[in-house]
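Just below is one structure, and these are the notes that go with it.
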Amino acid sequence: MTGWARGERDSVRYETSFGLNYLALHSFGFKDSTSDAFGEISVKAQNQESMSATLSTRVSVPFQAKGIDWRGSMLAGLTHAFADTMTTLDANILERAYSIESGAIGRNRLNLGLALSGDLSQRARIGFDLNRQIGSHWLATTANVWAHLAF
């Protein structure tokens with residue numbers, strides 16, 4: 001992720017960023033021949049790859065409360081996926097082969113986020129962020145609470 005910002009530390013700050021994300025997922029297969037009712041059950045190993053690019057902008061505002069310097073921010077961005085948008089599961093049950101495909105998610109997603117961070121001291125920061133990613137057949141929400149301590 002790379003980006004640039006405009007604004008002083010104690011004023012409204014505008015940030016723009018661009019990032020590339022590569023994800024490689026390997027799922028191990030398995031075989032179970034201990035079931036008398038179903039016979040041998042097996043699932044093939046699979047590999048899945050994803051590459052996406054994100055362009056986003058953030059606006060943040062500083063304020064002070066309870067003697068702590070806080071910064072609240074809002075984020076909006078767009079993500080485009082270039083690689084796999086669906087997954088397939090290949091299995092054998094009752095000596096019969098099955099191939100199950102997921103629904104394909106859209107290649108484009110809207111990212112929205114809210115964050116709050118505070119400087120407790122020169123060496124300690126705390127924060128919270130809430131993010132949502134919306135796309136065709138895709139909806140993801142994350143919430144993070146974090147603390148950074150410098151030694």
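Ordering of the structure tokens sets the chain letters (A, B, ...), residue numbers begin anew at 1 in every chain, and ligands are numbered from 1 in the order given.
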
Close residues, region 60-74 of chain A itself excluded, 7 Å, only C-alpha atoms, min 4 positions apart in chain, as a compact mmCIF listing (two decimals) with all heavy atoms, in the first residue's frame:
# COMPACT_ATOMS: atom_id res chain seq x y z
N ASP A 10 -2.24 18.55 13.38
CA ASP A 10 -3.30 19.08 14.23
C ASP A 10 -4.43 19.73 13.43
O ASP A 10 -5.14 20.59 13.93
CB ASP A 10 -2.71 20.05 15.24
CG ASP A 10 -1.99 21.22 14.58
OD1 ASP A 10 -1.77 21.17 13.35
OD2 ASP A 10 -1.66 22.18 15.28
N SER A 11 -4.60 19.37 12.14
CA SER A 11 -5.68 19.91 11.33
C SER A 11 -6.35 18.77 10.55
O SER A 11 -5.93 17.61 10.64
CB SER A 11 -5.14 20.97 10.36
OG SER A 11 -4.28 20.37 9.41
N VAL A 12 -7.35 19.11 9.79
CA VAL A 12 -8.00 18.11 8.95
C VAL A 12 -6.99 17.56 7.96
O VAL A 12 -6.21 18.31 7.36
CB VAL A 12 -9.21 18.73 8.20
CG1 VAL A 12 -9.82 17.72 7.25
CG2 VAL A 12 -10.24 19.24 9.19
N ARG A 13 -6.97 16.24 7.80
CA ARG A 13 -5.99 15.61 6.91
C ARG A 13 -6.74 14.83 5.83
O ARG A 13 -7.71 14.13 6.11
CB ARG A 13 -5.10 14.66 7.70
CG ARG A 13 -4.01 14.03 6.84
CD ARG A 13 -3.13 13.10 7.62
NE ARG A 13 -2.42 13.82 8.67
CZ ARG A 13 -1.77 13.23 9.65
NH1 ARG A 13 -1.75 11.93 9.74
NH2 ARG A 13 -1.14 13.94 10.55
N TYR A 14 -6.25 14.96 4.59
CA TYR A 14 -6.81 14.24 3.44
C TYR A 14 -5.75 13.26 2.95
O TYR A 14 -4.62 13.66 2.70
CB TYR A 14 -7.18 15.21 2.32
CG TYR A 14 -8.15 16.28 2.76
CD1 TYR A 14 -7.68 17.52 3.20
CD2 TYR A 14 -9.51 16.02 2.77
CE1 TYR A 14 -8.57 18.49 3.63
CE2 TYR A 14 -10.40 17.00 3.19
CZ TYR A 14 -9.93 18.23 3.62
OH TYR A 14 -10.80 19.18 4.05
N GLY A 113 -15.38 2.86 5.65
CA GLY A 113 -14.82 2.63 6.97
C GLY A 113 -14.88 3.85 7.87
O GLY A 113 -14.92 4.99 7.40
N LEU A 114 -14.89 3.58 9.16
CA LEU A 114 -14.82 4.59 10.21
C LEU A 114 -13.72 4.17 11.18
O LEU A 114 -13.56 2.97 11.45
CB LEU A 114 -16.13 4.69 10.98
CG LEU A 114 -17.36 5.12 10.20
CD1 LEU A 114 -18.61 4.96 11.06
CD2 LEU A 114 -17.21 6.57 9.76
N ALA A 115 -12.97 5.13 11.69
CA ALA A 115 -11.89 4.80 12.63
C ALA A 115 -11.75 5.89 13.67
O ALA A 115 -12.08 7.06 13.42
CB ALA A 115 -10.57 4.61 11.88
N LEU A 116 -11.25 5.48 14.81
CA LEU A 116 -10.95 6.41 15.90
C LEU A 116 -9.65 5.95 16.54
O LEU A 116 -9.50 4.77 16.88
CB LEU A 116 -12.08 6.40 16.94
CG LEU A 116 -11.89 7.29 18.16
CD1 LEU A 116 -11.90 8.76 17.73
CD2 LEU A 116 -12.97 7.02 19.18
N SER A 117 -8.69 6.86 16.67
CA SER A 117 -7.43 6.52 17.33
C SER A 117 -7.04 7.64 18.29
O SER A 117 -7.39 8.80 18.08
CB SER A 117 -6.31 6.30 16.31
OG SER A 117 -6.06 7.47 15.57
N GLY A 118 -6.34 7.26 19.34
CA GLY A 118 -5.95 8.23 20.35
C GLY A 118 -4.54 8.02 20.83
O GLY A 118 -4.09 6.88 20.97
N ASP A 119 -3.82 9.13 21.06
CA ASP A 119 -2.46 9.09 21.58
C ASP A 119 -2.53 9.20 23.10
O ASP A 119 -2.78 10.27 23.64
CB ASP A 119 -1.62 10.24 21.01
CG ASP A 119 -1.41 10.12 19.52
OD1 ASP A 119 -1.38 8.99 19.02
OD2 ASP A 119 -1.28 11.17 18.86
N LEU A 120 -2.30 8.08 23.79
CA LEU A 120 -2.30 8.10 25.25
C LEU A 120 -1.05 8.75 25.78
O LEU A 120 -1.06 9.36 26.84
CB LEU A 120 -2.44 6.68 25.79
CG LEU A 120 -3.72 5.92 25.38
CD1 LEU A 120 -3.69 4.51 25.94
CD2 LEU A 120 -4.94 6.68 25.83

List the spatial neighbours of region 80-95 of chain A as a short mmCIF file (atom, residue, chain, number, x, y, z; two decimals) with N, CA, C and O atoms, in the first residue's frame - criterion: any atom at most 8 Å away, only C-alpha atoms, same-chain residues fewer than 2 positions off excluded.
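File written: result-v5.cif
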data_model
loop_
_atom_site.label_atom_id
_atom_site.label_comp_id
_atom_site.auth_asym_id
_atom_site.auth_seq_id
_atom_site.Cartn_x
_atom_site.Cartn_y
_atom_site.Cartn_z
N PHE A 38 -21.53 -44.39 4.64
CA PHE A 38 -21.26 -43.60 3.44
C PHE A 38 -20.12 -44.16 2.59
O PHE A 38 -19.83 -43.64 1.53
N GLY A 39 -19.46 -45.19 3.05
CA GLY A 39 -18.30 -45.68 2.33
C GLY A 39 -17.16 -44.69 2.47
O GLY A 39 -17.11 -43.91 3.43
N GLU A 40 -16.28 -44.68 1.52
CA GLU A 40 -15.14 -43.75 1.57
C GLU A 40 -15.58 -42.35 1.20
O GLU A 40 -16.29 -42.15 0.21
N ILE A 41 -15.17 -41.37 1.99
CA ILE A 41 -15.44 -39.96 1.71
C ILE A 41 -14.10 -39.29 1.47
O ILE A 41 -13.17 -39.43 2.28
N SER A 42 -13.98 -38.57 0.36
CA SER A 42 -12.72 -37.87 0.10
C SER A 42 -13.00 -36.51 -0.52
O SER A 42 -13.99 -36.30 -1.20
N VAL A 43 -12.11 -35.58 -0.22
CA VAL A 43 -12.17 -34.23 -0.77
C VAL A 43 -10.79 -33.90 -1.32
O VAL A 43 -9.78 -34.10 -0.64
N LYS A 44 -10.74 -33.43 -2.56
CA LYS A 44 -9.46 -33.11 -3.20
C LYS A 44 -8.89 -31.80 -2.66
O LYS A 44 -9.63 -30.88 -2.31
N GLN A 46 -7.12 -28.19 -2.97
CA GLN A 46 -7.35 -27.15 -3.97
C GLN A 46 -6.50 -25.92 -3.69
O GLN A 46 -6.13 -25.66 -2.54
N GLN A 48 -6.29 -21.70 -4.59
CA GLN A 48 -7.06 -20.55 -5.06
C GLN A 48 -6.18 -19.31 -4.94
O GLN A 48 -5.47 -19.15 -3.95
N GLU A 49 -6.22 -18.47 -5.94
CA GLU A 49 -5.42 -17.25 -5.93
C GLU A 49 -6.30 -16.04 -6.19
O GLU A 49 -7.28 -16.12 -6.93
N SER A 50 -5.93 -14.95 -5.57
CA SER A 50 -6.67 -13.71 -5.75
C SER A 50 -5.68 -12.55 -5.82
O SER A 50 -4.72 -12.50 -5.06
N MET A 51 -5.93 -11.66 -6.73
CA MET A 51 -5.13 -10.43 -6.86
C MET A 51 -6.12 -9.29 -6.99
O MET A 51 -7.05 -9.35 -7.80
N SER A 52 -5.94 -8.26 -6.18
CA SER A 52 -6.86 -7.13 -6.24
C SER A 52 -6.09 -5.82 -6.09
O SER A 52 -5.02 -5.77 -5.50
N ALA A 53 -6.68 -4.77 -6.64
CA ALA A 53 -6.14 -3.42 -6.52
C ALA A 53 -7.18 -2.55 -5.82
O ALA A 53 -8.38 -2.69 -6.08
N THR A 54 -6.72 -1.68 -4.95
CA THR A 54 -7.62 -0.80 -4.20
C THR A 54 -7.15 0.65 -4.31
O THR A 54 -5.97 0.93 -4.15
N LEU A 78 -12.50 1.91 -3.69
CA LEU A 78 -12.95 0.91 -4.65
C LEU A 78 -11.88 -0.16 -4.80
O LEU A 78 -10.69 0.15 -4.85
N ALA A 97 -18.64 -39.07 -7.64
CA ALA A 97 -17.91 -37.80 -7.67
C ALA A 97 -18.89 -36.62 -7.69
O ALA A 97 -19.91 -36.65 -8.39
N TYR A 98 -18.56 -35.61 -6.90
CA TYR A 98 -19.35 -34.38 -6.85
C TYR A 98 -18.41 -33.20 -7.06
O TYR A 98 -17.28 -33.19 -6.58
N SER A 99 -18.91 -32.21 -7.76
CA SER A 99 -18.19 -30.95 -7.92
C SER A 99 -19.16 -29.83 -7.54
O SER A 99 -20.21 -29.68 -8.16
N ILE A 100 -18.81 -29.10 -6.50
CA ILE A 100 -19.69 -28.05 -5.98
C ILE A 100 -19.00 -26.71 -6.19
O ILE A 100 -17.87 -26.51 -5.74
N GLU A 101 -19.67 -25.80 -6.90
CA GLU A 101 -19.09 -24.48 -7.17
C GLU A 101 -19.83 -23.42 -6.36
O GLU A 101 -21.05 -23.46 -6.25
N SER A 102 -19.07 -22.48 -5.85
CA SER A 102 -19.67 -21.35 -5.15
C SER A 102 -20.23 -20.38 -6.18
O SER A 102 -19.90 -20.45 -7.36
N GLY A 103 -21.04 -19.48 -5.73
CA GLY A 103 -21.48 -18.40 -6.61
C GLY A 103 -20.31 -17.46 -6.85
O GLY A 103 -19.46 -17.27 -5.98
N ALA A 104 -20.24 -16.89 -8.03
CA ALA A 104 -19.15 -15.96 -8.34
C ALA A 104 -19.44 -14.60 -7.70
O ALA A 104 -20.55 -14.08 -7.81
N ILE A 105 -18.45 -14.07 -7.01
CA ILE A 105 -18.61 -12.73 -6.45
C ILE A 105 -18.22 -11.72 -7.52
O ILE A 105 -17.49 -12.04 -8.46
N GLY A 106 -18.73 -10.51 -7.40
CA GLY A 106 -18.39 -9.47 -8.37
C GLY A 106 -16.94 -9.06 -8.27
O GLY A 106 -16.30 -9.19 -7.23
N ARG A 107 -16.42 -8.59 -9.35
CA ARG A 107 -15.01 -8.17 -9.36
C ARG A 107 -14.81 -6.81 -8.70
O ARG A 107 -13.72 -6.50 -8.26
N ASN A 108 -15.84 -5.98 -8.63
CA ASN A 108 -15.71 -4.64 -8.07
C ASN A 108 -16.42 -4.56 -6.72
O ASN A 108 -17.52 -5.08 -6.56
N ARG A 109 -15.76 -3.90 -5.75
CA ARG A 109 -16.31 -3.76 -4.41
C ARG A 109 -16.14 -2.33 -3.93
O ARG A 109 -15.14 -1.67 -4.23
#

With only C-alpha atoms as the counted atoms, please give the residues lying no more than 9 Å from region 144-148 of chain A, apart from itself and same-chain residues fewer than 4 positions off, as a compact mmCIF listing (two decimals) with C-alpha atoms, in the first residue's frame.
# COMPACT_ATOMS: atom_id res chain seq x y z
CA ARG A 123 4.74 5.69 23.23
CA ALA A 124 1.15 4.44 23.47
CA ARG A 125 -1.74 4.63 20.99
CA ILE A 126 -5.12 2.94 20.99
CA GLY A 127 -7.70 2.65 18.26
CA PHE A 128 -10.86 1.15 16.86
CA ASP A 129 -11.96 0.75 13.27
CA LEU A 130 -15.05 -0.58 11.53
CA ASN A 131 -14.93 -1.47 7.82

Next item on the list: Extract the full set of strand (DSSP E or B) residues from region 79-111 of chain A according to DSSP on the backbone, and format it as JSON, numbers by chain.
Entry: {"A": [79, 80, 81, 88, 89, 90, 91, 92, 93, 96, 97, 98, 99, 100, 101, 108, 109, 110, 111]}

Next item on the list: Between CA of Ser121 (chain A) and CA of Leu149 (chain A), measure the distance and give it in Å to one decimal.
Entry: 9.4 Å

Margin query: I'd like to know which of A:Ala76, A:Leu55, A:Ala45, A:Leu20 is closest to Trp4 (chain A), using only C-alpha atoms.
Written below: A:Leu55

Next item on the list: Can you work out the spacing between CA of Ala24 (chain A) and CA of Leu112 (chain A) in Å, to one decimal?
Entry: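 Interatomic distance here is 24.6 Å.
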